[in-house]
>>> print(open('data00.txt').read())   # compact mmCIF, C-alpha atoms
# COMPACT_ATOMS: atom_id res chain seq x y z
CA MET A 21 97.66 -124.14 -93.32
CA LYS A 22 95.30 -123.66 -90.37
CA TYR A 23 92.41 -122.84 -92.65
CA GLN A 24 93.18 -125.70 -94.95
CA SER A 25 92.90 -127.88 -91.92
CA ALA A 26 89.52 -126.44 -91.05
CA VAL A 27 88.24 -127.14 -94.54
CA PHE A 28 89.63 -130.64 -94.28
CA VAL A 29 87.82 -131.16 -91.00
CA SER A 30 84.46 -130.15 -92.48
CA ALA A 31 85.07 -132.29 -95.53
CA THR A 32 86.11 -135.16 -93.35
CA LEU A 33 83.09 -134.77 -91.14
CA ALA A 34 80.95 -135.13 -94.22
CA CYS A 35 82.52 -138.34 -95.44
CA GLY A 36 84.79 -139.39 -92.61
CA LEU A 37 83.08 -142.68 -91.92
CA LEU A 38 83.62 -143.86 -95.45
CA PHE A 39 87.34 -143.46 -95.36
CA SER A 40 88.06 -144.57 -91.84
CA SER A 41 91.41 -143.21 -90.70
CA ALA A 42 92.78 -142.42 -94.15
CA GLY A 43 92.51 -138.76 -95.06
CA LEU A 44 91.48 -137.64 -91.59
CA ALA A 45 92.81 -134.24 -90.75
CA ALA A 46 95.00 -133.97 -87.69
CA LYS A 47 93.07 -133.06 -84.57
CA PHE A 48 95.96 -132.17 -82.32
CA ASN A 49 98.21 -130.27 -84.68
CA LYS A 50 97.17 -126.98 -86.22
CA GLN A 51 100.25 -126.60 -88.34
CA VAL A 52 100.72 -129.81 -90.30
CA ASP A 53 98.64 -132.73 -91.45
CA PHE A 54 99.19 -136.39 -92.22
CA GLY A 55 100.99 -136.84 -95.49
CA ASP A 56 102.77 -133.49 -95.23
CA LYS A 57 106.45 -133.57 -96.10
CA ALA A 58 109.09 -133.43 -93.39
CA PRO A 59 110.88 -130.10 -93.02
CA ASP A 60 114.29 -130.39 -94.60
CA PHE A 61 116.55 -129.13 -91.85
CA LYS A 62 120.21 -128.51 -92.53
CA ASP A 63 123.36 -128.33 -90.43
CA LEU A 64 121.96 -128.60 -86.94
CA GLU A 65 124.64 -129.04 -84.35
CA GLY A 66 124.54 -132.32 -82.46
CA VAL A 67 125.86 -133.48 -79.12
CA ASP A 68 128.44 -135.50 -81.04
CA GLY A 69 130.08 -132.24 -82.14
CA LYS A 70 129.02 -132.74 -85.77
CA THR A 71 126.37 -131.03 -87.84
CA HIS A 72 123.40 -133.00 -89.09
CA SER A 73 120.95 -132.55 -91.93
CA PHE A 74 117.71 -134.38 -92.54
CA ALA A 75 119.15 -135.59 -95.84
CA ASN A 76 121.67 -137.66 -93.89
CA TYR A 77 118.86 -140.07 -93.03
CA LYS A 78 117.88 -140.64 -96.65
CA ASP A 79 118.44 -144.40 -96.50
CA ALA A 80 116.18 -144.94 -93.50
CA GLN A 81 112.94 -146.86 -93.92
CA VAL A 82 111.30 -144.74 -91.27
CA VAL A 83 112.42 -141.64 -89.40
CA VAL A 84 111.14 -140.89 -85.92
CA LEU A 85 111.75 -137.32 -84.87
CA THR A 86 111.08 -136.15 -81.36
CA PHE A 87 111.33 -132.77 -79.73
CA ILE A 88 112.83 -133.06 -76.28
CA CYS A 89 114.89 -130.94 -73.93
CA ASN A 90 116.99 -131.46 -70.85
CA HIS A 91 114.89 -129.86 -68.16
CA CYS A 92 111.43 -131.29 -68.82
CA PRO A 93 110.36 -134.06 -66.44
CA VAL A 94 107.98 -135.49 -69.02
CA ALA A 95 110.73 -135.70 -71.65
CA GLN A 96 113.06 -137.15 -69.04
CA ALA A 97 110.53 -139.85 -68.20
CA TYR A 98 110.76 -141.04 -71.80
CA GLU A 99 114.54 -141.10 -72.24
CA LYS A 100 114.89 -144.77 -71.30
CA ARG A 101 112.05 -145.70 -73.61
CA PHE A 102 113.71 -143.85 -76.50
CA ILE A 103 116.97 -145.64 -75.86
CA SER A 104 115.33 -149.06 -75.91
CA PHE A 105 113.36 -148.08 -78.99
CA VAL A 106 116.62 -147.36 -80.82
CA LYS A 107 118.11 -150.66 -79.62
CA GLN A 108 115.12 -152.48 -81.02
CA PHE A 109 114.58 -150.62 -84.29
CA LYS A 110 117.93 -149.34 -85.52
CA LYS A 111 118.72 -152.68 -87.18
CA LYS A 112 115.39 -152.51 -89.00
CA GLY A 113 116.40 -149.31 -90.76
CA VAL A 114 114.61 -146.91 -88.45
CA VAL A 115 116.33 -143.66 -87.52
CA PHE A 116 115.46 -141.92 -84.28
CA VAL A 117 116.49 -138.29 -83.88
CA ALA A 118 115.87 -135.84 -81.06
CA ILE A 119 115.83 -132.08 -81.47
CA SER A 120 115.75 -129.37 -78.86
CA CYS A 121 114.30 -125.97 -79.74
CA ASN A 122 114.53 -124.74 -76.19
CA LYS A 123 116.44 -121.60 -75.41
CA GLU A 124 116.72 -121.85 -71.64
CA GLN A 125 120.18 -122.03 -70.18
CA SER A 126 119.59 -125.52 -68.80
CA ASP A 127 118.94 -126.65 -72.37
CA TRP A 128 121.99 -125.19 -74.07
CA LEU A 129 124.17 -127.40 -76.23
CA GLU A 130 126.83 -127.95 -73.57
CA LYS A 131 124.14 -129.17 -71.17
CA MET A 132 122.65 -131.29 -73.93
CA LYS A 133 126.03 -132.96 -74.38
CA GLN A 134 126.24 -133.67 -70.66
CA ARG A 135 122.74 -135.08 -70.54
CA ALA A 136 123.28 -137.28 -73.58
CA GLN A 137 126.42 -138.69 -72.05
CA GLN A 138 124.95 -139.22 -68.59
CA ARG A 139 121.87 -140.92 -69.91
CA GLY A 140 123.66 -142.87 -72.65
CA PHE A 141 121.70 -141.52 -75.60
CA ASN A 142 122.16 -143.80 -78.60
CA PHE A 143 120.61 -141.36 -81.06
CA ASP A 144 121.38 -137.95 -82.55
CA TYR A 145 120.45 -135.13 -80.20
CA LEU A 146 120.45 -131.86 -82.12
CA GLN A 147 120.00 -128.25 -81.26
CA ASP A 148 117.71 -126.03 -83.32
CA PRO A 149 118.45 -122.55 -82.00
CA THR A 150 116.37 -120.90 -84.74
CA GLN A 151 113.37 -123.01 -83.63
CA LYS A 152 112.53 -123.41 -87.32
CA VAL A 153 112.04 -127.17 -87.26
CA GLY A 154 109.73 -126.97 -84.28
CA ARG A 155 107.71 -124.20 -85.85
CA ALA A 156 107.49 -125.96 -89.20
CA LEU A 157 106.03 -129.06 -87.58
CA GLY A 158 103.85 -127.22 -85.08
CA ALA A 159 105.65 -128.93 -82.22
CA THR A 160 104.11 -127.69 -78.99
CA VAL A 161 105.76 -129.59 -76.18
CA THR A 162 108.57 -131.89 -75.18
CA PRO A 163 108.26 -134.73 -75.87
CA HIS A 164 106.34 -134.40 -79.16
CA LEU A 165 106.93 -137.13 -81.74
CA PHE A 166 106.62 -137.32 -85.50
CA VAL A 167 106.96 -140.50 -87.54
CA PHE A 168 107.87 -140.12 -91.22
CA ASP A 169 107.41 -142.86 -93.80
CA LYS A 170 109.87 -143.80 -96.54
CA ASP A 171 108.83 -140.75 -98.59
CA ARG A 172 109.30 -138.63 -95.47
CA ARG A 173 105.65 -137.84 -95.14
CA ILE A 174 104.01 -137.56 -91.73
CA ALA A 175 102.45 -140.89 -90.83
CA TYR A 176 102.00 -140.39 -87.09
CA MET A 177 102.29 -137.53 -84.63
CA GLY A 178 101.72 -137.10 -80.93
CA ALA A 179 102.86 -138.92 -77.83
CA PHE A 180 105.25 -141.87 -77.72
CA ASP A 181 102.71 -144.05 -75.92
CA ASP A 182 99.63 -143.65 -73.80
CA SER A 183 101.14 -143.47 -70.34
CA LEU A 184 103.78 -141.48 -68.55
CA ASN A 185 104.07 -144.37 -66.11
CA PRO A 186 105.64 -147.33 -67.95
CA SER A 187 103.60 -149.82 -65.92
CA ARG A 188 100.33 -148.38 -67.24
CA ILE A 189 101.09 -148.39 -70.98
CA GLU A 190 98.38 -149.96 -73.08
CA ARG A 191 99.15 -148.49 -76.48
CA HIS A 192 102.62 -148.06 -77.90
CA TYR A 193 101.67 -145.46 -80.49
CA VAL A 194 105.08 -144.85 -82.04
CA ILE A 195 106.19 -148.48 -81.98
CA ASP A 196 102.88 -149.56 -83.54
CA ALA A 197 103.11 -146.85 -86.20
CA VAL A 198 106.69 -147.79 -87.07
CA ASN A 199 105.82 -151.48 -87.26
CA ALA A 200 102.90 -150.71 -89.56
CA LEU A 201 105.13 -148.67 -91.87
CA LEU A 202 107.76 -151.40 -91.91
CA ARG A 203 105.02 -153.78 -93.05
CA GLY A 204 104.14 -151.32 -95.79
CA GLN A 205 100.91 -150.22 -94.12
CA GLN A 206 99.67 -146.97 -92.69
CA PRO A 207 99.44 -146.76 -88.89
CA GLU A 208 96.06 -147.62 -87.44
CA ILE A 209 96.38 -144.77 -84.94
CA LYS A 210 97.80 -141.72 -86.66
CA GLU A 211 97.81 -139.28 -83.77
CA SER A 212 97.42 -138.82 -80.08
CA ARG A 213 97.38 -135.76 -77.89
CA GLN A 214 100.94 -134.96 -76.99
CA PHE A 215 101.59 -133.40 -73.63
CA GLY A 216 104.59 -132.16 -71.75
CA CYS A 217 106.54 -128.96 -71.27
CA ARG A 218 105.63 -126.11 -73.55
CA ILE A 219 108.23 -125.24 -76.16
CA GLU A 220 108.61 -121.53 -75.62
CA TYR A 221 108.93 -120.00 -79.05
CA GLU A 222 110.37 -116.55 -79.27
CA ARG A 223 107.85 -113.97 -80.35
CA LYS A 224 108.47 -112.85 -83.88
CA MET B 12 94.98 -131.59 -40.05
CA ARG B 13 94.75 -129.92 -36.67
CA ILE B 14 97.61 -127.63 -37.52
CA ARG B 15 96.05 -126.84 -40.85
CA PHE B 16 92.79 -126.03 -39.10
CA LEU B 17 94.50 -123.66 -36.68
CA HIS B 18 96.45 -122.14 -39.50
CA GLY B 19 93.26 -121.75 -41.49
CA ALA B 20 91.46 -120.16 -38.59
CA ALA B 21 94.32 -117.75 -38.08
CA VAL B 22 94.42 -116.87 -41.76
CA LEU B 23 90.68 -116.36 -41.77
CA ALA B 24 90.83 -114.12 -38.72
CA CYS B 25 93.67 -112.07 -40.20
CA ALA B 26 91.93 -111.85 -43.54
CA VAL B 27 88.79 -110.50 -41.92
CA LEU B 28 90.74 -108.04 -39.82
CA LEU B 29 93.01 -106.81 -42.54
CA GLN B 30 90.69 -106.73 -45.49
CA SER B 31 87.30 -106.20 -43.98
CA GLY B 32 86.57 -103.54 -46.55
CA CYS B 33 87.35 -105.82 -49.47
CA SER B 34 84.44 -107.54 -51.12
CA GLU B 35 86.57 -110.51 -52.18
CA SER B 36 87.33 -111.28 -48.58
CA ALA B 37 83.69 -110.77 -47.65
CA ASP B 38 82.76 -113.28 -50.34
CA GLN B 39 85.10 -115.81 -48.90
CA THR B 40 83.78 -115.38 -45.39
CA THR B 41 80.22 -115.91 -46.60
CA ASP B 42 81.32 -118.92 -48.60
CA ALA B 43 83.13 -120.39 -45.64
CA ALA B 44 80.15 -119.84 -43.38
CA ALA B 45 77.86 -121.51 -45.92
CA LYS B 46 80.21 -124.48 -46.17
CA HIS B 47 80.40 -124.75 -42.42
CA LYS B 48 76.64 -124.87 -42.22
CA ASN B 49 76.61 -127.74 -44.68
CA GLY B 50 78.97 -129.60 -42.42
CA GLN B 51 81.79 -129.78 -44.97
CA SER B 52 85.36 -130.20 -43.90
CA VAL B 53 87.39 -127.25 -42.77
CA GLU B 54 89.86 -128.02 -45.53
CA SER B 55 87.52 -126.75 -48.21
CA LYS B 56 87.20 -123.28 -46.69
CA PRO B 57 88.17 -120.92 -49.50
CA ALA B 58 89.60 -118.40 -47.05
CA GLU B 59 92.32 -120.90 -46.36
CA VAL B 60 94.29 -121.89 -49.41
CA ALA B 61 92.95 -125.35 -50.10
CA LEU B 62 93.41 -127.87 -52.88
CA GLN B 63 90.52 -130.09 -53.83
CA PRO B 64 91.10 -133.22 -55.91
CA VAL B 65 88.66 -133.52 -58.81
CA ASP B 66 87.96 -135.63 -61.85
CA PRO B 67 86.47 -134.04 -64.99
CA LYS B 68 82.94 -134.41 -63.57
CA GLY B 69 84.01 -132.62 -60.41
CA TYR B 70 85.49 -129.88 -62.55
CA ALA B 71 82.20 -129.47 -64.41
CA ALA B 72 80.39 -129.30 -61.07
CA VAL B 73 82.70 -126.54 -59.88
CA LEU B 74 82.02 -124.59 -63.06
CA ALA B 75 78.29 -125.10 -62.59
CA LYS B 76 78.55 -123.78 -59.04
CA HIS B 77 79.96 -120.53 -60.43
CA ARG B 78 77.17 -120.04 -62.96
CA GLY B 79 76.26 -116.37 -63.05
CA LYS B 80 79.91 -115.35 -62.81
CA VAL B 81 82.57 -115.09 -65.45
CA VAL B 82 84.98 -117.95 -64.72
CA TYR B 83 88.70 -117.88 -65.46
CA VAL B 84 90.55 -121.17 -65.14
CA ASP B 85 94.32 -121.52 -64.89
CA PHE B 86 95.58 -125.01 -65.74
CA TRP B 87 99.07 -125.24 -64.27
CA ALA B 88 101.52 -127.69 -62.68
CA THR B 89 104.41 -127.55 -60.27
CA TRP B 90 106.63 -129.13 -62.96
CA CYS B 91 105.83 -126.32 -65.41
CA GLY B 92 108.22 -123.41 -65.05
CA LEU B 93 106.21 -120.95 -67.05
CA CYS B 94 103.08 -121.84 -65.05
CA ARG B 95 104.82 -121.02 -61.80
CA LYS B 96 106.17 -117.81 -63.22
CA GLU B 97 102.82 -116.59 -64.49
CA PHE B 98 100.62 -117.80 -61.67
CA SER B 99 100.90 -114.46 -59.85
CA HIS B 100 99.06 -112.94 -62.80
CA THR B 101 96.10 -115.20 -62.06
CA VAL B 102 96.18 -114.16 -58.40
CA GLU B 103 96.28 -110.54 -59.46
CA LEU B 104 93.32 -111.00 -61.82
CA SER B 105 91.30 -112.48 -58.98
CA ARG B 106 92.14 -109.57 -56.67
CA LYS B 107 91.36 -107.06 -59.35
CA TYR B 108 88.14 -108.45 -60.79
CA ALA B 109 86.51 -110.71 -58.17
CA HIS B 110 84.26 -107.87 -57.00
CA GLN B 111 83.05 -107.41 -60.58
CA GLY B 112 81.90 -111.01 -60.74
CA LEU B 113 84.99 -112.94 -61.81
CA ALA B 114 85.49 -116.36 -60.27
CA VAL B 115 89.00 -117.73 -60.55
CA VAL B 116 89.71 -121.45 -60.51
CA SER B 117 93.08 -123.18 -60.74
CA VAL B 118 93.55 -126.77 -61.84
CA SER B 119 96.82 -128.41 -61.00
CA MET B 120 97.92 -131.05 -63.53
CA GLU B 121 100.50 -132.95 -61.51
CA LEU B 122 102.44 -135.88 -62.92
CA GLU B 123 101.63 -137.96 -59.84
CA PRO B 124 98.60 -136.29 -58.26
CA LYS B 125 98.92 -138.14 -54.94
CA SER B 126 102.58 -137.56 -54.23
CA ASP B 127 102.77 -134.09 -55.78
CA ARG B 128 99.74 -132.74 -53.95
CA GLU B 129 101.71 -131.29 -51.06
CA ALA B 130 104.10 -129.38 -53.33
CA ALA B 131 101.19 -127.97 -55.29
CA LEU B 132 99.45 -126.83 -52.11
CA GLU B 133 102.62 -125.23 -50.78
CA PHE B 134 103.00 -123.28 -53.99
CA LEU B 135 99.38 -122.11 -53.85
CA GLN B 136 99.79 -121.05 -50.25
CA ALA B 137 102.91 -119.08 -51.07
CA GLN B 138 101.00 -117.40 -53.88
CA GLN B 139 98.08 -116.69 -51.53
CA ALA B 140 95.76 -118.25 -54.02
CA THR B 141 92.59 -117.83 -51.98
CA PHE B 142 90.27 -118.95 -54.75
CA THR B 143 89.05 -122.37 -55.82
CA ASN B 144 92.08 -124.61 -56.32
CA LEU B 145 91.56 -128.01 -57.88
CA LEU B 146 93.93 -130.92 -58.36
CA SER B 147 93.24 -133.17 -61.33
CA ASN B 148 93.24 -136.68 -59.87
CA ILE B 149 93.11 -138.70 -63.08
CA ASP B 150 96.20 -140.09 -64.82
CA ILE B 151 98.15 -137.23 -66.37
CA GLU B 152 98.13 -138.64 -69.91
CA ASN B 153 94.33 -138.70 -69.82
CA ALA B 154 93.99 -135.33 -68.16
CA PHE B 155 95.16 -133.32 -71.17
CA GLU B 156 92.53 -135.01 -73.28
CA ALA B 157 89.78 -134.82 -70.64
CA TYR B 158 90.27 -131.09 -70.10
CA ASP B 159 90.95 -130.43 -73.77
CA ILE B 160 94.32 -128.77 -73.24
CA GLU B 161 95.18 -127.71 -76.76
CA GLY B 162 98.67 -128.68 -77.84
CA GLY B 163 99.12 -130.52 -74.54
CA ALA B 164 100.98 -127.48 -73.23
CA LEU B 165 100.72 -125.64 -69.94
CA PRO B 166 99.93 -123.06 -68.80
CA HIS B 167 96.53 -123.19 -70.41
CA TYR B 168 93.76 -120.76 -69.58
CA LYS B 169 90.04 -121.04 -70.21
CA LEU B 170 87.48 -118.27 -69.93
CA TYR B 171 83.78 -119.06 -69.46
CA ASP B 172 80.94 -116.55 -69.61
CA ALA B 173 78.25 -116.22 -66.93
CA ASP B 174 76.19 -118.91 -68.65
CA GLY B 175 79.06 -121.36 -68.37
CA LYS B 176 79.90 -121.24 -72.06
CA LEU B 177 83.58 -121.53 -72.96
CA ILE B 178 84.32 -118.28 -74.75
CA LYS B 179 88.07 -118.26 -75.05
CA ILE B 180 91.21 -120.30 -74.50
CA PHE B 181 94.74 -119.00 -74.14
CA GLY B 182 97.87 -121.04 -74.58
CA GLY B 183 96.59 -123.01 -77.52
CA ALA B 184 99.56 -124.09 -79.52
CA PRO B 185 101.78 -123.48 -81.37
CA GLU B 186 101.27 -120.07 -79.88
CA THR B 187 104.17 -118.66 -77.93
CA PRO B 188 103.54 -118.17 -74.21
CA PRO B 189 100.03 -116.80 -73.69
CA ASP B 190 99.74 -113.03 -73.87
CA LEU B 191 98.73 -111.79 -70.44
CA LYS B 192 97.44 -108.46 -71.76
CA GLN B 193 95.07 -110.24 -74.13
CA ILE B 194 93.82 -112.35 -71.26
CA GLU B 195 93.00 -109.35 -69.12
CA ALA B 196 91.28 -107.62 -72.03
CA ALA B 197 89.13 -110.70 -72.66
CA ILE B 198 88.18 -110.92 -68.98
CA LYS B 199 87.22 -107.24 -68.95
CA ALA B 200 85.08 -107.71 -72.05
CA ALA B 201 83.38 -110.78 -70.58
CA LEU B 202 82.65 -108.94 -67.34
CA ALA B 203 81.31 -105.94 -69.22
CA ALA B 204 79.01 -108.21 -71.23
CA LYS B 205 77.79 -109.91 -68.06
CA ASN B 206 77.25 -106.70 -66.14
CA ALA B 207 75.46 -105.08 -69.07
CA SER B 208 72.82 -107.80 -69.28
CA PRO B 209 70.11 -107.76 -66.62
>>> encode(input="data00.txt", output="structure tokens")
Amino acid sequence: MKYQSAVFVSATLACGLLFSSAGLAAKFNKQVDFGDKAPDFKDLEGVDGKTHSFANYKDAQVVVLTFICNHCPVAQAYEKRFISFVKQFKKKGVVFVAISCNKEQSDWLEKMKQRAQQRGFNFDYLQDPTQKVGRALGATVTPHLFVFDKDRRIAYMGAFDDSLNPSRIERHYVIDAVNALLRGQQPEIKESRQFGCRIEYERK
Amino acid sequence: MRIRFLHGAAVLACAVLLQSGCSESADQTTDAAAKHKNGQSVESKPAEVALQPVDPKGYAAVLAKHRGKVVYVDFWATWCGLCRKEFSHTVELSRKYAHQGLAVVSVSMELEPKSDREAALEFLQAQQATFTNLLSNIDIENAFEAYDIEGGALPHYKLYDADGKLIKIFGGAPETPPDLKQIEAAIKAALAAKNASP
């Protein structure tokens, strides 16, 4: 997939200007590209005590998936924004789901349940102990967001917006991408450089 | 400031006394003397553990200053657990390879550079990080882009050759935590290449 990306980059360099943002290979993700299908996860345990599969969201117009965890201050800084996003977009057929691939004790399911309750999460918060979903999407940090269109293809990936500090936000990447998709268009900005706490994958 | 100065002077004196045979310490003394001559503040004495705020231009200037040496940069943050855990490895690399021509630089990527500065400095002092310590002073969301931190994940390490060319990064994602053995091997190879050329 990496090498495909490299070929894409060269090809895009050659004719990138012609196609504007369409067909541009992802700069900040080595694993997946725009238009790639969402990984079809099954039976991940959620903080609601139920198991969840990606197929459960089949009726959604748009799915926003974010990797988060309890302990990361960057992820924590976004919790309120995620909650208001859900309040605003749930009625428009947008599903927001958070997954933790972290293995640290502070991020275990019991702690996830506590955090979700304390913070009033209004979205599914799932645990991926195999780290498969994170690996499949090349998720590097928490928070790292992926927006999937109606066909569940990657339409946007990266950060939620362009500032950790809510008073400095100029671009609402995820909100803009979701709005574009709801209008039947592709997002103008398809990626941004995510940053946050490294997801520590277990060595294979 | 006064306290820091006294502390710095004491540290410098001890360092000279205790490690007078060590070339790393000798380097620092020379550096400090040179700085003093230029009338720069006591705070930037490398013998004391100091933390200098920089923007990307300042970072480039620091790299340029080390031209002729292999430069190893550790991008870290107080909020990054793995960074704190692995920082001692960076300190060890400096101790081990400084005399062969390795310059070590740390860049702290704090969420709020102004208010987190003190915590970063305390950590560096506890680690005895007596090399060049920088604090990125631009907004955090721009810093990862400005310093090209692949995957937006810390710790992130960059290795530059003696000509200032970036030869390797470690911690690029979706790699698992950077392999410390590979880092040391790359530093050794870079030093060997430098010391082999006239």
>>> residues_around(input="data00.txt", residues="A:Asp169", least_positions_apart="4", cutoff="12 Å", atoms="all atoms listed in the file", output="number ranges by chain")
A: 54-58, 77-85, 113-115, 173-177, 197-207
>>> interface_residues(input="data00.txt", of="chain B", to="chain A", cutoff="9 Å", atoms="all atoms listed in the file", output="list in words")
Trp90, Cys91, Gly92, Leu93, Leu122, Asp150, Ile151, Glu152, Asn153, Phe155, Glu156, Ile160, Glu161, Gly162, Gly163, Ala164, Leu165, Pro166, Gly183, Ala184, Pro185, Glu186, Thr187 and Pro188 of chain B
>>> closest_residue(input="data00.txt", among="B:Gln193, B:Asn206, B:Gln139, B:Thr89", to="B:Asp127", atoms="only C-alpha atoms")
B:Thr89
>>> residues_around(input="data00.txt", residues="A:Lys133", least_positions_apart="3", cutoff="8 Å", atoms="only C-alpha atoms", output="list in words")
Val67, Asp68, Leu129, Glu130, Ala136 and Gln137 of chain A
>>> atom_distance(input="data00.txt", atom1="atom CA of B:Lys176", atom2="atom CA of A:Glu211")
28.0 Å
>>> atom_distance(input="data00.txt", atom1="atom CA of B:Leu104", atom2="atom CA of B:Ala157")
25.6 Å
